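Following: one structure in structure tokens, then a few remarks.
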Amino acid sequence: MKGRFKMAEQKPQGCSGDCSSCSSNCSSREAESLLAPQNQFSNIKHVIGVVSGKGGVGKSMVTSMLAVLMSRMGYKVGILDADITGPSIPKTFGVNSRIMQNEFGLLPAETKTGIKLISVNLLLEEKEAPVLWRGPVIAGAVKQFWQDVVWGDLDYLFVDCPPGTGDVPLTVFQSLPLDGAVIVTSPQDLVSMIVKKAYNMASLMKIPVLGIVENMSYVVCPDCGKSFNIFGSGSESVADELGVELLGKMPIDTSLAQMVDNGVFEHFENEYLAAAAKAIDEKVNK
């Protein structure tokens with residue numbers, strides 16, 4: 001069973017072993033798993049968290065690309081948009097329909113190619129309305145997206161986390177049965193600190209890091225065809241230092257931004273992260 005448990009200590013004298021009827025907070029109290037149960041009508045085989053140490057590195061685009069590539073490999077895929085205050089997944093796939101509900105729970109929306117997704121923007125009456133919720137409420141919404149959504153049969157559920165190491169990433173790491181995390185970064189001088197923050201958080205939560213994806217790695221000159229590393233480099237050395245795989249590199253590609261703006265991202269034709277998707281699939285099924 002996937003879960004994070006503490007080793008049970010020797011019980012004190014007179015302890016009945018029934019912690020539910022005891023108000024004492026003694027050191028021998030057995031820790032319960034923090035994992036939230038799936039919806040009874042969900043059958044999700046693998047859950048992958050996509051995280052970053054800072055914002056603006058293209059984490060949602062990487063999440064979307066990995067989901068599309070897994071779908072093209074023949075898997076049933078879903079995306080849980082855990083970036084509650086900055087949701088972008090529905091826009092990326094051109095999904096505007098409101099989420100429906102039946103007696104079993106919330107029904108996820110589907111993209112044109114059958115990728116299931118849930119996002120707070122699909123619950124709001126106005127897409128531009130700000131989500132003015134405090135941390136605990138936002139974290140609770142993420143758990144509801146896991147527990148109350150009827151995902152059905154999925155091979156992979158990708159969780160697009162907000163940047164940093166705050167309430168929501170912590171909730172995802174503790175409450176969802178993650179098979180691993182993918183760290184998204186960019187090749188700036190801060191890359192070492194950014195990646196290590198995300199890596200250390202995953203390590204503390206006992207979540208395996210499946211690898212690193214570097215976004216905005218280079219730009220290809222449209223005239224001469226040469227590649228230029230305009231933001232420098234550094235992900236390779238950090239990956240080596242941490243002992244994790246550099247899964248792939250994505251260039252600055254304006255066509256991808258245009259596809260996001262037009263809501264047709266799932267029709268991209270590049271192979272930037274094809275090897276990354278295959279590597280993730282091999283790692284979690286090993």
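A note on labels: chains of the structure tokens are A, B, ... as shown, every chain counts residues from 1, and ligands are counted from 1 in their shown order.
Non-sequential neighbours of Lys197 of chain A (distance at most 10 Å, separation of 6 or more positions within a chain, only C-alpha atoms) are Ser52, Gly53, Lys54, Gly164, Thr165, Val191 and Ser203 of chain A.
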DSSP strand (DSSP E) selection over segment 57-286 of chain A, as JSON, numbers by chain: {"A": [77, 78, 79, 80, 81, 100, 101, 102, 105, 106, 107, 109, 110, 116, 117, 118, 152, 153, 154, 155, 156, 157, 158, 159, 160, 180, 181, 182, 183, 184, 185, 209, 210, 211, 212, 213, 214, 219, 220, 227, 228, 246, 247, 248, 249]}
Report as JSON lines the residues of segment 138-257 of chain A within 12 Å of segment 79-88 of chain A, each with its shortest atom pair and distance in Å (one decimal), using only C-alpha atoms, ordered by chain and increasing residue number.
{"residue": "A:Ile138", "atom": "CA", "partner": "A:Ile84", "partner_atom": "CA", "distance": 6.6}
{"residue": "A:Ala139", "atom": "CA", "partner": "A:Ala82", "partner_atom": "CA", "distance": 8.7}
{"residue": "A:Gly140", "atom": "CA", "partner": "A:Ile84", "partner_atom": "CA", "distance": 10.5}
{"residue": "A:Ala141", "atom": "CA", "partner": "A:Ile84", "partner_atom": "CA", "distance": 8.0}
{"residue": "A:Val142", "atom": "CA", "partner": "A:Ala82", "partner_atom": "CA", "distance": 5.8}
{"residue": "A:Lys143", "atom": "CA", "partner": "A:Ala82", "partner_atom": "CA", "distance": 9.3}
{"residue": "A:Gln144", "atom": "CA", "partner": "A:Ala82", "partner_atom": "CA", "distance": 10.5}
{"residue": "A:Phe145", "atom": "CA", "partner": "A:Leu80", "partner_atom": "CA", "distance": 7.1}
{"residue": "A:Trp146", "atom": "CA", "partner": "A:Leu80", "partner_atom": "CA", "distance": 7.9}
{"residue": "A:Gln147", "atom": "CA", "partner": "A:Leu80", "partner_atom": "CA", "distance": 11.5}
{"residue": "A:Val149", "atom": "CA", "partner": "A:Leu80", "partner_atom": "CA", "distance": 9.9}
{"residue": "A:Trp151", "atom": "CA", "partner": "A:Ile79", "partner_atom": "CA", "distance": 10.0}
{"residue": "A:Leu154", "atom": "CA", "partner": "A:Ile79", "partner_atom": "CA", "distance": 10.3}
{"residue": "A:Asp155", "atom": "CA", "partner": "A:Ile79", "partner_atom": "CA", "distance": 11.4}
{"residue": "A:Tyr156", "atom": "CA", "partner": "A:Ile79", "partner_atom": "CA", "distance": 8.5}
{"residue": "A:Leu157", "atom": "CA", "partner": "A:Ile79", "partner_atom": "CA", "distance": 5.5}
{"residue": "A:Phe158", "atom": "CA", "partner": "A:Ile79", "partner_atom": "CA", "distance": 4.8}
{"residue": "A:Val159", "atom": "CA", "partner": "A:Leu80", "partner_atom": "CA", "distance": 4.8}
{"residue": "A:Asp160", "atom": "CA", "partner": "A:Asp81", "partner_atom": "CA", "distance": 5.0}
{"residue": "A:Cys161", "atom": "CA", "partner": "A:Ala82", "partner_atom": "CA", "distance": 5.0}
{"residue": "A:Pro162", "atom": "CA", "partner": "A:Asp83", "partner_atom": "CA", "distance": 4.5}
{"residue": "A:Pro163", "atom": "CA", "partner": "A:Asp83", "partner_atom": "CA", "distance": 8.2}
{"residue": "A:Gly164", "atom": "CA", "partner": "A:Asp83", "partner_atom": "CA", "distance": 11.1}
{"residue": "A:Gly166", "atom": "CA", "partner": "A:Asp83", "partner_atom": "CA", "distance": 11.5}
{"residue": "A:Asp167", "atom": "CA", "partner": "A:Ala82", "partner_atom": "CA", "distance": 10.9}
{"residue": "A:Val168", "atom": "CA", "partner": "A:Ala82", "partner_atom": "CA", "distance": 7.2}
{"residue": "A:Pro169", "atom": "CA", "partner": "A:Ala82", "partner_atom": "CA", "distance": 8.3}
{"residue": "A:Leu170", "atom": "CA", "partner": "A:Ala82", "partner_atom": "CA", "distance": 11.3}
{"residue": "A:Thr171", "atom": "CA", "partner": "A:Ala82", "partner_atom": "CA", "distance": 9.9}
{"residue": "A:Val172", "atom": "CA", "partner": "A:Ala82", "partner_atom": "CA", "distance": 8.2}
{"residue": "A:Phe173", "atom": "CA", "partner": "A:Ala82", "partner_atom": "CA", "distance": 11.7}
{"residue": "A:Leu176", "atom": "CA", "partner": "A:Leu80", "partner_atom": "CA", "distance": 11.2}
For the selection just defined, write its residues with C-alpha atoms to a file, as a PDB file, in the first residue's frame.
ATOM      1  CA  ILE A 138      -7.090  25.743  -1.468  1.00  0.00           C
ATOM      2  CA  ALA A 139      -5.499  22.566  -0.125  1.00  0.00           C
ATOM      3  CA  GLY A 140      -8.964  21.197   0.623  1.00  0.00           C
ATOM      4  CA  ALA A 141     -10.040  21.858  -2.962  1.00  0.00           C
ATOM      5  CA  VAL A 142      -7.117  19.786  -4.243  1.00  0.00           C
ATOM      6  CA  LYS A 143      -8.150  16.865  -2.034  1.00  0.00           C
ATOM      7  CA  GLN A 144     -11.700  17.204  -3.319  1.00  0.00           C
ATOM      8  CA  PHE A 145     -10.430  17.003  -6.904  1.00  0.00           C
ATOM      9  CA  TRP A 146      -8.934  13.647  -5.923  1.00  0.00           C
ATOM     10  CA  GLN A 147     -11.758  12.292  -3.766  1.00  0.00           C
ATOM     11  CA  VAL A 149     -14.092  13.409  -9.048  1.00  0.00           C
ATOM     12  CA  TRP A 151     -12.071   9.697 -12.866  1.00  0.00           C
ATOM     13  CA  LEU A 154      -6.912   5.947 -15.816  1.00  0.00           C
ATOM     14  CA  ASP A 155      -3.411   4.695 -16.478  1.00  0.00           C
ATOM     15  CA  TYR A 156      -1.837   8.049 -15.608  1.00  0.00           C
ATOM     16  CA  LEU A 157      -3.025  11.076 -13.676  1.00  0.00           C
ATOM     17  CA  PHE A 158      -0.688  14.071 -13.917  1.00  0.00           C
ATOM     18  CA  VAL A 159      -0.974  16.626 -11.122  1.00  0.00           C
ATOM     19  CA  ASP A 160       0.017  20.149 -12.133  1.00  0.00           C
ATOM     20  CA  CYS A 161       1.210  21.679  -8.847  1.00  0.00           C
ATOM     21  CA  PRO A 162       1.650  25.391  -8.156  1.00  0.00           C
ATOM     22  CA  PRO A 163       5.273  26.534  -7.788  1.00  0.00           C
ATOM     23  CA  GLY A 164       7.162  26.457  -4.527  1.00  0.00           C
ATOM     24  CA  GLY A 166       3.730  25.652   0.180  1.00  0.00           C
ATOM     25  CA  ASP A 167       0.357  24.263   1.231  1.00  0.00           C
ATOM     26  CA  VAL A 168      -0.756  22.791  -2.082  1.00  0.00           C
ATOM     27  CA  PRO A 169       2.413  20.893  -3.078  1.00  0.00           C
ATOM     28  CA  LEU A 170       2.575  19.621   0.496  1.00  0.00           C
ATOM     29  CA  THR A 171      -1.051  18.467   0.295  1.00  0.00           C
ATOM     30  CA  VAL A 172      -0.394  16.727  -3.027  1.00  0.00           C
ATOM     31  CA  PHE A 173       2.690  14.955  -1.670  1.00  0.00           C
ATOM     32  CA  LEU A 176      -2.169  11.623  -3.105  1.00  0.00           C
TER      33      LEU A 176
END
Need the shell around segment 230-243 of chain A: protein/DNA/RNA residues with any atom at most 6 Å away, counting only C-alpha atoms. Skip same-chain ones fewer than 5 positions apart. Format as an mmCIF file with C-alpha atoms, in the first residue's frame?
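That gives us result-v6.cif:
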data_model
loop_
_atom_site.group_PDB
_atom_site.id
_atom_site.type_symbol
_atom_site.label_atom_id
_atom_site.label_comp_id
_atom_site.auth_asym_id
_atom_site.auth_seq_id
_atom_site.Cartn_x
_atom_site.Cartn_y
_atom_site.Cartn_z
ATOM 1 C CA PRO A 187 18.559 27.066 -17.380
ATOM 2 C CA GLN A 188 19.281 30.206 -15.367
ATOM 3 C CA SER A 192 20.757 24.781 -8.744
#
Long-range neighbours of Leu124 of chain A as an NGL selection string, 12 Å cut-off, only C-alpha atoms, 3 positions minimum in chain: :A and (84-85 or 87 or 96-99 or 118-121 or 127-131)
Polymer residues at most 8 Å from Phe228 of chain A, only C-alpha atoms, same-chain spacing of 5 or more positions, as a PyMOL selection string: chain A and resi 218-221
